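**Q** Coordinates in target11.json, JSON, C-alpha atoms, are listed below.
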```json
[["chain", "number", "residue", "atom", "x", "y", "z"],
["B", 26, "MET", "CA", -146.44, -152.08, 143.79],
["B", 27, "SER", "CA", -143.41, -153.96, 145.11],
["B", 28, "LEU", "CA", -142.17, -153.57, 148.68],
["B", 29, "ALA", "CA", -138.96, -151.92, 147.46],
["B", 30, "GLU", "CA", -140.98, -149.40, 145.45],
["B", 31, "ARG", "CA", -143.27, -148.72, 148.41],
["B", 32, "LEU", "CA", -140.27, -148.05, 150.65],
["B", 33, "LEU", "CA", -138.72, -145.78, 148.03],
["B", 34, "ILE", "CA", -141.96, -143.79, 147.71],
["B", 35, "GLY", "CA", -142.16, -143.54, 151.52],
["B", 36, "ARG", "CA", -138.67, -142.03, 151.64],
["B", 37, "LEU", "CA", -139.54, -139.73, 148.76],
["B", 38, "ARG", "CA", -142.55, -138.47, 150.71],
["B", 39, "GLN", "CA", -140.15, -137.48, 153.48],
["B", 40, "ARG", "CA", -138.19, -135.55, 150.83],
["B", 41, "ASP", "CA", -135.22, -137.91, 151.18],
["B", 42, "GLU", "CA", -132.71, -136.63, 148.64],
["B", 43, "GLN", "CA", -131.08, -140.04, 148.12],
["B", 44, "ALA", "CA", -134.47, -141.58, 147.38],
["B", 45, "PHE", "CA", -135.14, -138.86, 144.82],
["B", 46, "ASN", "CA", -131.75, -139.47, 143.18],
["B", 47, "GLU", "CA", -132.64, -143.17, 142.99],
["B", 48, "VAL", "CA", -135.97, -142.37, 141.30],
["B", 49, "VAL", "CA", -134.22, -140.22, 138.69],
["B", 50, "ARG", "CA", -131.62, -142.92, 138.10],
["B", 51, "LEU", "CA", -134.32, -145.58, 137.69],
["B", 52, "HIS", "CA", -136.72, -143.66, 135.48],
["B", 53, "GLY", "CA", -134.73, -140.77, 133.98],
["B", 54, "ASP", "CA", -133.98, -142.40, 130.63],
["B", 55, "LYS", "CA", -137.56, -143.56, 130.11],
["B", 56, "VAL", "CA", -139.02, -140.15, 130.90],
["B", 57, "PHE", "CA", -136.43, -138.35, 128.77],
["B", 58, "ASN", "CA", -137.00, -140.65, 125.79],
["B", 59, "LEU", "CA", -140.78, -140.30, 126.00],
["B", 60, "VAL", "CA", -140.57, -136.52, 126.14],
["B", 61, "LEU", "CA", -137.94, -136.38, 123.38],
["B", 62, "ARG", "CA", -140.13, -138.41, 121.02],
["B", 63, "MET", "CA", -143.14, -136.27, 121.86],
["B", 64, "VAL", "CA", -141.54, -132.85, 121.34],
["B", 65, "GLY", "CA", -138.82, -133.80, 118.85],
["B", 66, "THR", "CA", -135.98, -131.57, 120.03],
["B", 67, "ARG", "CA", -133.38, -132.28, 122.63],
["B", 68, "ALA", "CA", -133.30, -128.86, 124.29],
["B", 69, "GLU", "CA", -137.06, -128.87, 124.84],
["B", 70, "ALA", "CA", -136.94, -132.50, 125.98],
["B", 71, "GLU", "CA", -134.26, -131.78, 128.59],
["B", 72, "ASP", "CA", -136.22, -128.86, 129.92],
["B", 73, "ILE", "CA", -139.52, -130.75, 130.11],
["B", 74, "ALA", "CA", -138.01, -133.93, 131.55],
["B", 75, "GLN", "CA", -136.36, -131.90, 134.33],
["B", 76, "GLU", "CA", -139.69, -130.23, 135.01],
["B", 77, "VAL", "CA", -141.33, -133.66, 135.28],
["B", 78, "PHE", "CA", -139.00, -134.70, 138.10],
["B", 79, "VAL", "CA", -139.34, -131.35, 139.86],
["B", 80, "THR", "CA", -143.11, -131.95, 139.76],
["B", 81, "VAL", "CA", -142.59, -135.43, 141.18],
["B", 82, "PHE", "CA", -140.52, -134.02, 144.06],
["B", 83, "LYS", "CA", -143.14, -131.38, 144.79],
["B", 84, "SER", "CA", -146.26, -133.51, 144.30],
["B", 85, "ILE", "CA", -145.30, -136.93, 145.59],
["B", 86, "ASP", "CA", -147.88, -136.53, 148.37],
["B", 87, "SER", "CA", -150.64, -136.59, 145.73],
["B", 88, "PHE", "CA", -149.53, -140.08, 144.60],
["B", 89, "ARG", "CA", -151.99, -142.38, 146.34],
["B", 90, "GLY", "CA", -150.50, -145.67, 145.21],
["B", 91, "GLU", "CA", -153.65, -146.71, 143.33],
["B", 92, "SER", "CA", -151.63, -147.10, 140.15],
["B", 93, "LYS", "CA", -148.00, -148.08, 139.60],
["B", 94, "PHE", "CA", -145.53, -145.30, 140.34],
["B", 95, "THR", "CA", -144.19, -145.55, 136.76],
["B", 96, "THR", "CA", -147.69, -145.01, 135.37],
["B", 97, "TRP", "CA", -148.17, -141.92, 137.55],
["B", 98, "LEU", "CA", -144.74, -140.61, 136.54],
["B", 99, "LEU", "CA", -145.33, -141.17, 132.82],
["B", 100, "ARG", "CA", -148.74, -139.50, 133.06],
["B", 101, "ILE", "CA", -146.99, -136.40, 134.39],
["B", 102, "ALA", "CA", -144.45, -136.65, 131.56],
["B", 103, "ALA", "CA", -147.23, -137.05, 128.98],
["B", 104, "ASN", "CA", -149.15, -134.05, 130.31],
["B", 105, "HIS", "CA", -146.07, -131.83, 130.42],
["B", 106, "SER", "CA", -145.20, -132.86, 126.85],
["B", 107, "LYS", "CA", -148.71, -132.24, 125.51],
["B", 108, "ASN", "CA", -148.84, -128.84, 127.20],
["B", 109, "ARG", "CA", -145.50, -127.85, 125.69],
["B", 110, "ILE", "CA", -146.56, -129.01, 122.22],
["B", 111, "LYS", "CA", -149.69, -126.86, 122.50],
["B", 112, "TYR", "CA", -147.67, -123.92, 123.82],
["B", 113, "LEU", "CA", -145.11, -124.19, 120.99],
["B", 114, "ALA", "CA", -147.87, -124.51, 118.39],
["B", 115, "ARG", "CA", -149.61, -121.42, 119.79],
["B", 116, "ARG", "CA", -146.37, -119.47, 119.82],
["B", 117, "SER", "CA", -145.50, -120.38, 116.24],
["B", 118, "THR", "CA", -148.96, -119.36, 115.00],
["B", 119, "ASP", "CA", -148.95, -116.12, 117.04],
["B", 120, "GLY", "CA", -145.73, -114.93, 115.41],
["B", 121, "ASN", "CA", -145.03, -114.54, 111.71],
["B", 122, "GLY", "CA", -142.97, -117.39, 110.35],
["B", 123, "LEU", "CA", -139.85, -118.35, 112.24],
["B", 124, "ASP", "CA", -139.26, -116.66, 115.53],
["B", 125, "GLY", "CA", -136.02, -116.91, 117.46],
["B", 126, "ALA", "CA", -137.17, -119.91, 119.39],
["B", 127, "SER", "CA", -138.25, -121.79, 116.28],
["B", 128, "GLU", "CA", -134.91, -121.10, 114.66],
["B", 129, "ALA", "CA", -133.18, -122.38, 117.76],
["B", 130, "HIS", "CA", -135.50, -125.37, 117.50],
["B", 131, "LEU", "CA", -134.36, -126.12, 113.98],
["B", 132, "ALA", "CA", -130.72, -125.59, 114.87],
["B", 133, "ASP", "CA", -131.19, -128.02, 117.72],
["B", 134, "ASN", "CA", -132.94, -130.61, 115.60],
["B", 135, "HIS", "CA", -130.94, -133.74, 116.27],
["B", 136, "PHE", "CA", -132.97, -135.67, 113.78],
["B", 137, "ALA", "CA", -131.73, -133.80, 110.73],
["B", 138, "PRO", "CA", -130.30, -136.19, 108.12],
["B", 139, "GLY", "CA", -126.53, -136.36, 108.28],
["B", 140, "LYS", "CA", -126.41, -135.87, 112.04],
["B", 141, "PRO", "CA", -125.35, -138.91, 114.04],
["B", 142, "PRO", "CA", -128.18, -140.98, 115.45],
["B", 143, "LEU", "CA", -129.14, -140.40, 119.05],
["B", 144, "HIS", "CA", -128.90, -144.03, 119.98],
["B", 145, "GLY", "CA", -125.48, -145.64, 120.19],
["B", 146, "HIS", "CA", -124.00, -149.06, 119.47],
["B", 147, "ILE", "CA", -123.69, -148.61, 115.69],
["B", 148, "ASP", "CA", -120.18, -148.69, 114.36],
["B", 149, "ALA", "CA", -120.05, -148.82, 110.57],
["B", 150, "PRO", "CA", -120.34, -145.35, 108.96],
["B", 151, "ASP", "CA", -122.93, -146.44, 106.38],
["B", 152, "ALA", "CA", -125.03, -148.10, 109.08],
["B", 153, "LEU", "CA", -124.60, -144.94, 111.16],
["B", 154, "LEU", "CA", -125.87, -142.76, 108.36],
["B", 155, "GLU", "CA", -128.71, -145.13, 107.54],
["B", 156, "ALA", "CA", -129.76, -145.24, 111.20],
["B", 157, "ALA", "CA", -129.57, -141.43, 111.41],
["B", 158, "GLU", "CA", -131.70, -141.02, 108.32],
["B", 159, "MET", "CA", -134.24, -143.55, 109.51],
["B", 160, "GLU", "CA", -134.42, -141.92, 112.92],
["B", 161, "SER", "CA", -134.82, -138.52, 111.32],
["B", 162, "LEU", "CA", -137.61, -139.83, 109.10],
["B", 163, "MET", "CA", -139.38, -141.55, 111.99],
["B", 164, "GLN", "CA", -139.21, -138.45, 114.16],
["B", 165, "GLU", "CA", -140.52, -136.34, 111.30],
["B", 166, "ALA", "CA", -143.35, -138.81, 110.79],
["B", 167, "ILE", "CA", -144.23, -138.79, 114.51],
["B", 168, "ALA", "CA", -144.35, -134.99, 114.44],
["B", 169, "THR", "CA", -147.08, -135.10, 111.77],
["B", 170, "LEU", "CA", -149.44, -136.80, 114.25],
["B", 171, "ASP", "CA", -151.58, -134.82, 116.68],
["B", 172, "GLU", "CA", -150.43, -135.04, 120.28],
["B", 173, "GLU", "CA", -153.00, -137.67, 121.32],
["B", 174, "HIS", "CA", -152.04, -140.10, 118.53],
["B", 175, "ARG", "CA", -148.36, -139.25, 119.01],
["B", 176, "LEU", "CA", -148.59, -140.18, 122.68],
["B", 177, "LEU", "CA", -150.15, -143.56, 121.92],
["B", 178, "VAL", "CA", -147.44, -144.44, 119.40],
["B", 179, "VAL", "CA", -144.69, -143.35, 121.79],
["B", 180, "LEU", "CA", -146.14, -145.23, 124.77],
["B", 181, "ARG", "CA", -146.80, -148.44, 122.88],
["B", 182, "ASP", "CA", -144.23, -148.71, 120.10],
["B", 183, "VAL", "CA", -141.33, -146.67, 121.49],
["B", 184, "GLU", "CA", -141.66, -147.26, 125.25],
["B", 185, "GLU", "CA", -143.29, -150.68, 124.74],
["B", 186, "LEU", "CA", -145.83, -150.33, 127.55],
["B", 187, "SER", "CA", -148.78, -152.68, 127.99],
["B", 188, "TYR", "CA", -152.29, -151.65, 126.95],
["B", 189, "ASP", "CA", -153.32, -151.63, 130.63],
["B", 190, "GLU", "CA", -150.59, -149.12, 131.43],
["B", 191, "ILE", "CA", -151.44, -146.98, 128.40],
["B", 192, "ALA", "CA", -155.13, -146.96, 129.33],
["B", 193, "GLU", "CA", -154.18, -145.80, 132.85],
["B", 194, "ILE", "CA", -151.85, -143.08, 131.60],
["B", 195, "THR", "CA", -154.21, -141.71, 128.96],
["B", 196, "GLY", "CA", -157.50, -142.43, 130.72],
["B", 197, "LEU", "CA", -158.83, -143.97, 127.49],
["B", 198, "PRO", "CA", -160.59, -147.35, 127.27],
["B", 199, "GLU", "CA", -158.35, -150.10, 125.91],
["B", 200, "GLY", "CA", -160.44, -150.52, 122.75],
["B", 201, "THR", "CA", -160.10, -146.82, 121.94],
["B", 202, "VAL", "CA", -156.35, -147.01, 122.54],
["B", 203, "LYS", "CA", -156.05, -149.91, 120.11],
["B", 204, "SER", "CA", -158.14, -148.38, 117.34],
["B", 205, "ARG", "CA", -156.45, -144.96, 117.59],
["B", 206, "LEU", "CA", -153.03, -146.59, 117.76],
["B", 207, "HIS", "CA", -153.75, -148.52, 114.59],
["B", 208, "ARG", "CA", -154.77, -145.32, 112.79],
["B", 209, "ALA", "CA", -151.61, -143.60, 114.01],
["B", 210, "ARG", "CA", -149.41, -146.47, 112.81],
["B", 211, "VAL", "CA", -151.05, -146.44, 109.38],
["B", 212, "ALA", "CA", -150.50, -142.66, 109.16],
["B", 213, "LEU", "CA", -146.83, -143.15, 110.02],
["B", 214, "LYS", "CA", -146.47, -145.94, 107.48],
["B", 215, "GLU", "CA", -148.03, -143.79, 104.74],
["B", 216, "HIS", "CA", -145.83, -140.84, 105.62],
["B", 217, "LEU", "CA", -142.73, -143.01, 105.40],
["B", 218, "GLU", "CA", -143.88, -144.52, 102.10],
["B", 219, "ASP", "CA", -144.31, -141.01, 100.67],
["B", 220, "LYS", "CA", -140.87, -139.98, 101.84],
["B", 221, "LEU", "CA", -139.11, -143.12, 100.64],
["B", 222, "ARG", "CA", -140.87, -143.23, 97.26],
["X", 12, "MET", "CA", -168.30, -156.16, 98.77],
["X", 13, "THR", "CA", -165.77, -154.55, 96.39],
["X", 14, "GLY", "CA", -162.13, -155.59, 96.29],
["X", 15, "GLY", "CA", -161.14, -152.23, 97.83],
["X", 16, "ASP", "CA", -163.54, -152.73, 100.75],
["X", 17, "LEU", "CA", -162.12, -156.18, 101.37],
["X", 18, "HIS", "CA", -158.52, -154.87, 101.43],
["X", 19, "ALA", "CA", -159.55, -152.03, 103.77],
["X", 20, "ARG", "CA", -161.40, -154.43, 106.07],
["X", 21, "MET", "CA", -158.39, -156.73, 106.21],
["X", 22, "ALA", "CA", -156.00, -153.81, 106.78],
["X", 23, "GLU", "CA", -158.04, -152.78, 109.85],
["X", 24, "ARG", "CA", -156.87, -155.99, 111.49],
["X", 25, "PHE", "CA", -153.17, -155.66, 110.78],
["X", 26, "SER", "CA", -152.19, -154.17, 114.14],
["X", 27, "ALA", "CA", -154.13, -156.80, 116.08],
["X", 28, "TYR", "CA", -152.64, -159.51, 113.86],
["X", 29, "LEU", "CA", -149.06, -158.32, 114.40],
["X", 30, "GLU", "CA", -149.62, -158.22, 118.15],
["X", 31, "GLY", "CA", -151.14, -161.73, 118.20],
["X", 32, "ASP", "CA", -154.37, -160.19, 119.41],
["X", 33, "LEU", "CA", -156.72, -161.48, 116.71],
["X", 34, "PRO", "CA", -159.34, -164.18, 117.46],
["X", 35, "ALA", "CA", -158.57, -167.50, 115.76],
["X", 36, "GLU", "CA", -161.38, -167.22, 113.20],
["X", 37, "GLU", "CA", -160.42, -163.70, 112.09],
["X", 38, "LYS", "CA", -156.75, -164.68, 112.03],
["X", 39, "ALA", "CA", -157.50, -167.60, 109.69],
["X", 40, "ALA", "CA", -159.58, -165.36, 107.42],
["X", 41, "LEU", "CA", -156.79, -162.75, 107.27],
["X", 42, "GLU", "CA", -154.10, -165.34, 106.58],
["X", 43, "GLY", "CA", -156.27, -166.83, 103.84],
["X", 44, "HIS", "CA", -156.56, -163.40, 102.25],
["X", 45, "LEU", "CA", -152.83, -162.67, 102.65],
["X", 46, "ALA", "CA", -151.98, -165.92, 100.88],
["X", 47, "THR", "CA", -153.60, -164.59, 97.71],
["X", 48, "CYS", "CA", -153.16, -160.79, 97.98],
["X", 49, "ILE", "CA", -149.70, -159.35, 97.37],
["X", 50, "GLN", "CA", -150.97, -155.79, 98.00],
["X", 51, "CYS", "CA", -152.09, -156.63, 101.54],
["X", 52, "ARG", "CA", -148.94, -158.68, 102.18],
["X", 53, "THR", "CA", -146.82, -155.66, 101.20],
["X", 54, "ASN", "CA", -148.89, -153.30, 103.36],
["X", 55, "LEU", "CA", -148.64, -155.64, 106.33],
["X", 56, "GLU", "CA", -144.87, -155.93, 105.93],
["X", 57, "GLN", "CA", -144.51, -152.14, 105.75],
["X", 58, "LEU", "CA", -146.59, -151.72, 108.88],
["X", 59, "ARG", "CA", -144.46, -154.30, 110.68],
["X", 60, "ARG", "CA", -141.28, -152.46, 109.63],
["X", 61, "THR", "CA", -142.71, -149.14, 110.81],
["X", 62, "ILE", "CA", -143.48, -150.57, 114.24],
["X", 63, "SER", "CA", -140.08, -152.21, 114.53],
["X", 64, "SER", "CA", -138.34, -148.92, 113.56],
["X", 65, "LEU", "CA", -140.25, -147.14, 116.32],
["X", 66, "ALA", "CA", -138.95, -149.63, 118.89],
["X", 67, "LYS", "CA", -135.38, -148.60, 118.00],
["X", 68, "LEU", "CA", -135.93, -144.98, 119.01],
["X", 69, "LYS", "CA", -134.19, -145.15, 122.35],
["X", 70, "GLU", "CA", -132.21, -142.31, 123.83],
["X", 71, "LYS", "CA", -130.65, -141.91, 127.26],
["X", 72, "ALA", "CA", -130.95, -138.80, 129.38],
["X", 73, "PRO", "CA", -127.88, -136.53, 129.29],
["X", 74, "GLU", "CA", -125.07, -136.97, 131.83],
["X", 75, "THR", "CA", -125.96, -133.71, 133.57],
["X", 76, "PHE", "CA", -129.62, -134.67, 133.95],
["X", 77, "LEU", "CA", -129.61, -135.44, 137.69],
["X", 78, "PRO", "CA", -127.39, -132.51, 138.78],
["X", 79, "ASP", "CA", -129.50, -130.16, 136.65],
["X", 80, "ILE", "CA", -132.70, -131.31, 138.36],
["X", 81, "GLN", "CA", -131.07, -131.07, 141.80],
["X", 82, "GLY", "CA", -130.00, -127.52, 140.92],
["X", 83, "GLN", "CA", -133.55, -126.62, 139.89],
["X", 84, "ILE", "CA", -135.03, -127.99, 143.12],
["X", 85, "ASN", "CA", -132.33, -126.25, 145.16],
["X", 86, "THR", "CA", -133.08, -122.91, 143.54],
["X", 87, "ARG", "CA", -136.85, -123.24, 143.83],
["X", 88, "SER", "CA", -136.69, -124.42, 147.44],
["X", 89, "ARG", "CA", -134.32, -121.50, 148.23],
["X", 90, "GLY", "CA", -131.57, -123.86, 149.26],
["X", 91, "ARG", "CA", -133.66, -126.11, 151.47],
["X", 92, "PHE", "CA", -133.00, -129.20, 149.34],
["X", 93, "PHE", "CA", -129.94, -130.40, 147.43],
["X", 94, "ALA", "CA", -127.63, -127.80, 148.94],
["X", 95, "LYS", "CA", -123.95, -128.13, 148.03],
["X", 96, "ARG", "CA", -121.96, -130.53, 150.17],
["X", 97, "TRP", "CA", -119.42, -128.95, 152.57],
["X", 98, "MET", "CA", -115.98, -130.58, 152.59],
["X", 99, "LEU", "CA", -116.15, -134.25, 153.58],
["X", 100, "PHE", "CA", -118.85, -133.87, 156.14],
["X", 101, "GLY", "CA", -121.80, -133.13, 153.94],
["X", 102, "ARG", "CA", -124.17, -130.22, 154.30],
["X", 103, "ILE", "CA", -124.11, -128.62, 157.78],
["X", 104, "PRO", "CA", -127.64, -128.13, 159.07],
["X", 105, "PHE", "CA", -128.49, -124.64, 160.27],
["X", 106, "GLU", "CA", -129.44, -126.06, 163.71],
["X", 107, "TRP", "CA", -125.91, -127.43, 164.21],
["X", 108, "VAL", "CA", -124.34, -124.10, 163.36],
["X", 109, "SER", "CA", -126.64, -122.35, 165.86],
["X", 110, "LEU", "CA", -125.83, -124.88, 168.56],
["X", 111, "ALA", "CA", -122.10, -124.53, 167.94],
["X", 112, "MET", "CA", -122.35, -120.74, 168.27],
["X", 113, "ILE", "CA", -124.31, -120.99, 171.54],
["X", 114, "VAL", "CA", -121.75, -123.42, 172.98],
["X", 115, "ALA", "CA", -118.89, -121.14, 171.86],
["X", 116, "MET", "CA", -120.51, -118.13, 173.52],
["X", 117, "LEU", "CA", -121.12, -120.12, 176.72],
["X", 118, "VAL", "CA", -117.48, -121.25, 176.84],
["X", 119, "TYR", "CA", -116.29, -117.70, 176.25],
["X", 120, "TYR", "CA", -118.53, -116.48, 179.07],
["X", 121, "LEU", "CA", -117.31, -119.15, 181.51],
["X", 122, "VAL", "CA", -113.65, -118.56, 180.65],
["X", 123, "SER", "CA", -114.06, -114.82, 181.01],
["X", 124, "LEU", "CA", -115.73, -115.33, 184.41],
["X", 125, "GLN", "CA", -112.74, -117.34, 185.65],
["X", 126, "THR", "CA", -110.09, -114.98, 184.39],
["X", 127, "SER", "CA", -111.72, -111.74, 185.51],
["X", 128, "PRO", "CA", -111.01, -110.57, 189.11],
["X", 129, "THR", "CA", -113.82, -111.50, 191.45],
["X", 130, "THR", "CA", -112.52, -109.68, 194.52],
["X", 131, "VAL", "CA", -110.96, -106.33, 195.02],
["X", 132, "SER", "CA", -107.55, -106.67, 196.65],
["X", 133, "PRO", "CA", -106.73, -104.20, 199.43],
["X", 134, "ARG", "CA", -104.02, -101.67, 198.67]]
```
Take the structure in the file and write it out as structure tokens.

**A**
Amino acid sequence: MSLAERLLIGRLRQRDEQAFNEVVRLHGDKVFNLVLRMVGTRAEAEDIAQEVFVTVFKSIDSFRGESKFTTWLLRIAANHSKNRIKYLARRSTDGNGLDGASEAHLADNHFAPGKPPLHGHIDAPDALLEAAEMESLMQEAIATLDEEHRLLVVLRDVEELSYDEIAEITGLPEGTVKSRLHRARVALKEHLEDKLR
Amino acid sequence: MTGGDLHARMAERFSAYLEGDLPAEEKAALEGHLATCIQCRTNLEQLRRTISSLAKLKEKAPETFLPDIQGQINTRSRGRFFAKRWMLFGRIPFEWVSLAMIVAMLVYYLVSLQTSPTTVSPR
């Protein structure tokens, strides 16, 4: 952990509001993107990502500095996301078909083809549409994975973390991470092949 | 070993190969196989494209992200943290307000002592 990070954590422990704002500014996008790719809808992602930072503010005293702060933060984000996925799955199986929340979910689905892509910097309309469709397909493919495989793909291929960091976040040995990640990638590839055939 | 087994065994190494994580001997064996097998070459290329598409899935947090979190913490801490700023001077701590009231009461008491008659004048 760098000196700057250590100082920032120290201020955060004293519940320094400016330090907290700095943490959100530094890590907000990463946490939001991870959660968004895990749960697939923007409304849920906003809610969970906010909850992650509220947890950080409340539980910073439990961070012992044995791992990097980012790793600790992303572990919280991963756990919140997995819990929400389980909760949503339970809720959708408890009810019959679409409940209000699921309908809202679909209405909020920013990955539906034809909607603009979530990432910017694409100007030409055809490229925009192509990017939107690809993003929609990728998100749909990610959603077919169980939450453990989904997390590995998101951490490695979306967030581009190292295997050391992923092993720390998930608590899995590096070899297991690699073999499961490979299976997840192959599943995604096959899903995309089916859809594009 | 059947042809299918060979393809499957080679495909198991694709991720490690793409990440440059394959030992030299296994890498040479895979590349030798790829040179003659269009099916495996196609599969490898599709896997590479899948991984590179995943890397493009980047999205920033919404503009209101920080204020929304501050609002949540403020509500849950019953106003202890992230209270609204007052004018240009920031949030006024409760202790300052108390101190100001005590000083005001003291001043009022002293002033009233000086202005009130202390002696009774004879008629």

**Q** One number please: CA of Arg100 in chain B to CA of Leu37 in chain B, in Å, one decimal.

**A**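 These two atoms are separated by 18.2 Å.
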
**Q** Give the answer as one residue: which of X:Ile62, X:Cys51, X:Ala46, X:Ala115 has the shortest atom-to-atom distance to Gly15 in chain X, using only C-alpha atoms?

**A**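 So, comparing all the options, the nearest one is X:Cys51.
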
**Q** Here is a test: counting all atoms listed in the file, which residue of B:Ala29, B:Met63, B:Val49, B:Val183 is nearest to Thr75 in chain X?

**A**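 Nearest candidate to Thr75 in chain X out of B:Ala29, B:Met63, B:Val49, B:Val183: B:Val49.
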
**Q** Pull out every residue of chain B that has at least one atom within 9 Å of chain X, counting only C-alpha atoms, and report them as a PyMOL selection string.

**A** chain B and resi 40+42+46+49-50+53-59+61-62+71+74-76+78-79+82-83+143-145+159-160+163-164+178-179+181-185+203-204+206-208+210-211+213-214+217-218

**Q** Give me a file of those residues, with C-alpha atoms, as a compact mmCIF listing (two decimals), in the coordinates of the input.

**A**
```
# COMPACT_ATOMS: atom_id res chain seq x y z
CA ARG B 40 -138.19 -135.55 150.83
CA GLU B 42 -132.71 -136.63 148.64
CA ASN B 46 -131.75 -139.47 143.18
CA VAL B 49 -134.22 -140.22 138.69
CA ARG B 50 -131.62 -142.92 138.10
CA GLY B 53 -134.73 -140.77 133.98
CA ASP B 54 -133.98 -142.40 130.63
CA LYS B 55 -137.56 -143.56 130.11
CA VAL B 56 -139.02 -140.15 130.90
CA PHE B 57 -136.43 -138.35 128.77
CA ASN B 58 -137.00 -140.65 125.79
CA LEU B 59 -140.78 -140.30 126.00
CA LEU B 61 -137.94 -136.38 123.38
CA ARG B 62 -140.13 -138.41 121.02
CA GLU B 71 -134.26 -131.78 128.59
CA ALA B 74 -138.01 -133.93 131.55
CA GLN B 75 -136.36 -131.90 134.33
CA GLU B 76 -139.69 -130.23 135.01
CA PHE B 78 -139.00 -134.70 138.10
CA VAL B 79 -139.34 -131.35 139.86
CA PHE B 82 -140.52 -134.02 144.06
CA LYS B 83 -143.14 -131.38 144.79
CA LEU B 143 -129.14 -140.40 119.05
CA HIS B 144 -128.90 -144.03 119.98
CA GLY B 145 -125.48 -145.64 120.19
CA MET B 159 -134.24 -143.55 109.51
CA GLU B 160 -134.42 -141.92 112.92
CA MET B 163 -139.38 -141.55 111.99
CA GLN B 164 -139.21 -138.45 114.16
CA VAL B 178 -147.44 -144.44 119.40
CA VAL B 179 -144.69 -143.35 121.79
CA ARG B 181 -146.80 -148.44 122.88
CA ASP B 182 -144.23 -148.71 120.10
CA VAL B 183 -141.33 -146.67 121.49
CA GLU B 184 -141.66 -147.26 125.25
CA GLU B 185 -143.29 -150.68 124.74
CA LYS B 203 -156.05 -149.91 120.11
CA SER B 204 -158.14 -148.38 117.34
CA LEU B 206 -153.03 -146.59 117.76
CA HIS B 207 -153.75 -148.52 114.59
CA ARG B 208 -154.77 -145.32 112.79
CA ARG B 210 -149.41 -146.47 112.81
CA VAL B 211 -151.05 -146.44 109.38
CA LEU B 213 -146.83 -143.15 110.02
CA LYS B 214 -146.47 -145.94 107.48
CA LEU B 217 -142.73 -143.01 105.40
CA GLU B 218 -143.88 -144.52 102.10
```

**Q** How many Å lie between CA of Glu173 in chain B and CA of His52 in chain B, rounded to one decimal?

**A**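 Pair CA of Glu173 in chain B / CA of His52 in chain B returns 22.4 Å.
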
**Q** Work out how far apart CA of Ala192 in chain B and CA of Ala114 in chain B are and give it in Å to one decimal.

**A** 26.0 Å

**Q** What's around Glu190 in chain B at 12 Å? Count all atoms listed in the file, leave out sequence neighbours fewer than 3 positions away in its own chain, and write the answer as JSON, numbers by chain.

**A** {"B": [92, 93, 94, 95, 96, 97, 98, 99, 100, 177, 180, 181, 184, 185, 186, 187, 193, 194, 195, 196, 197, 198, 199, 202]}

**Q** Around all listed atoms of range 46-55 of chain B, padded 6 Å per side, what centre and edge lengths does the axis-aligned box have in Å to one decimal, as lines of an AutoDock Vina configuration file?

**A**
```
center_x = -134.6
center_y = -142.5
center_z = 136.6
size_x = 17.9
size_y = 18.1
size_z = 25.1
```

**Q** Kindly indicate which residue among B:Leu51, B:Arg222, B:Thr66, B:Arg38 lies nearest to Asp86 in chain B, using all atoms listed in the file for the distances.

**A**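 Among the listed residues, B:Arg38 lies closest to Asp86 in chain B.
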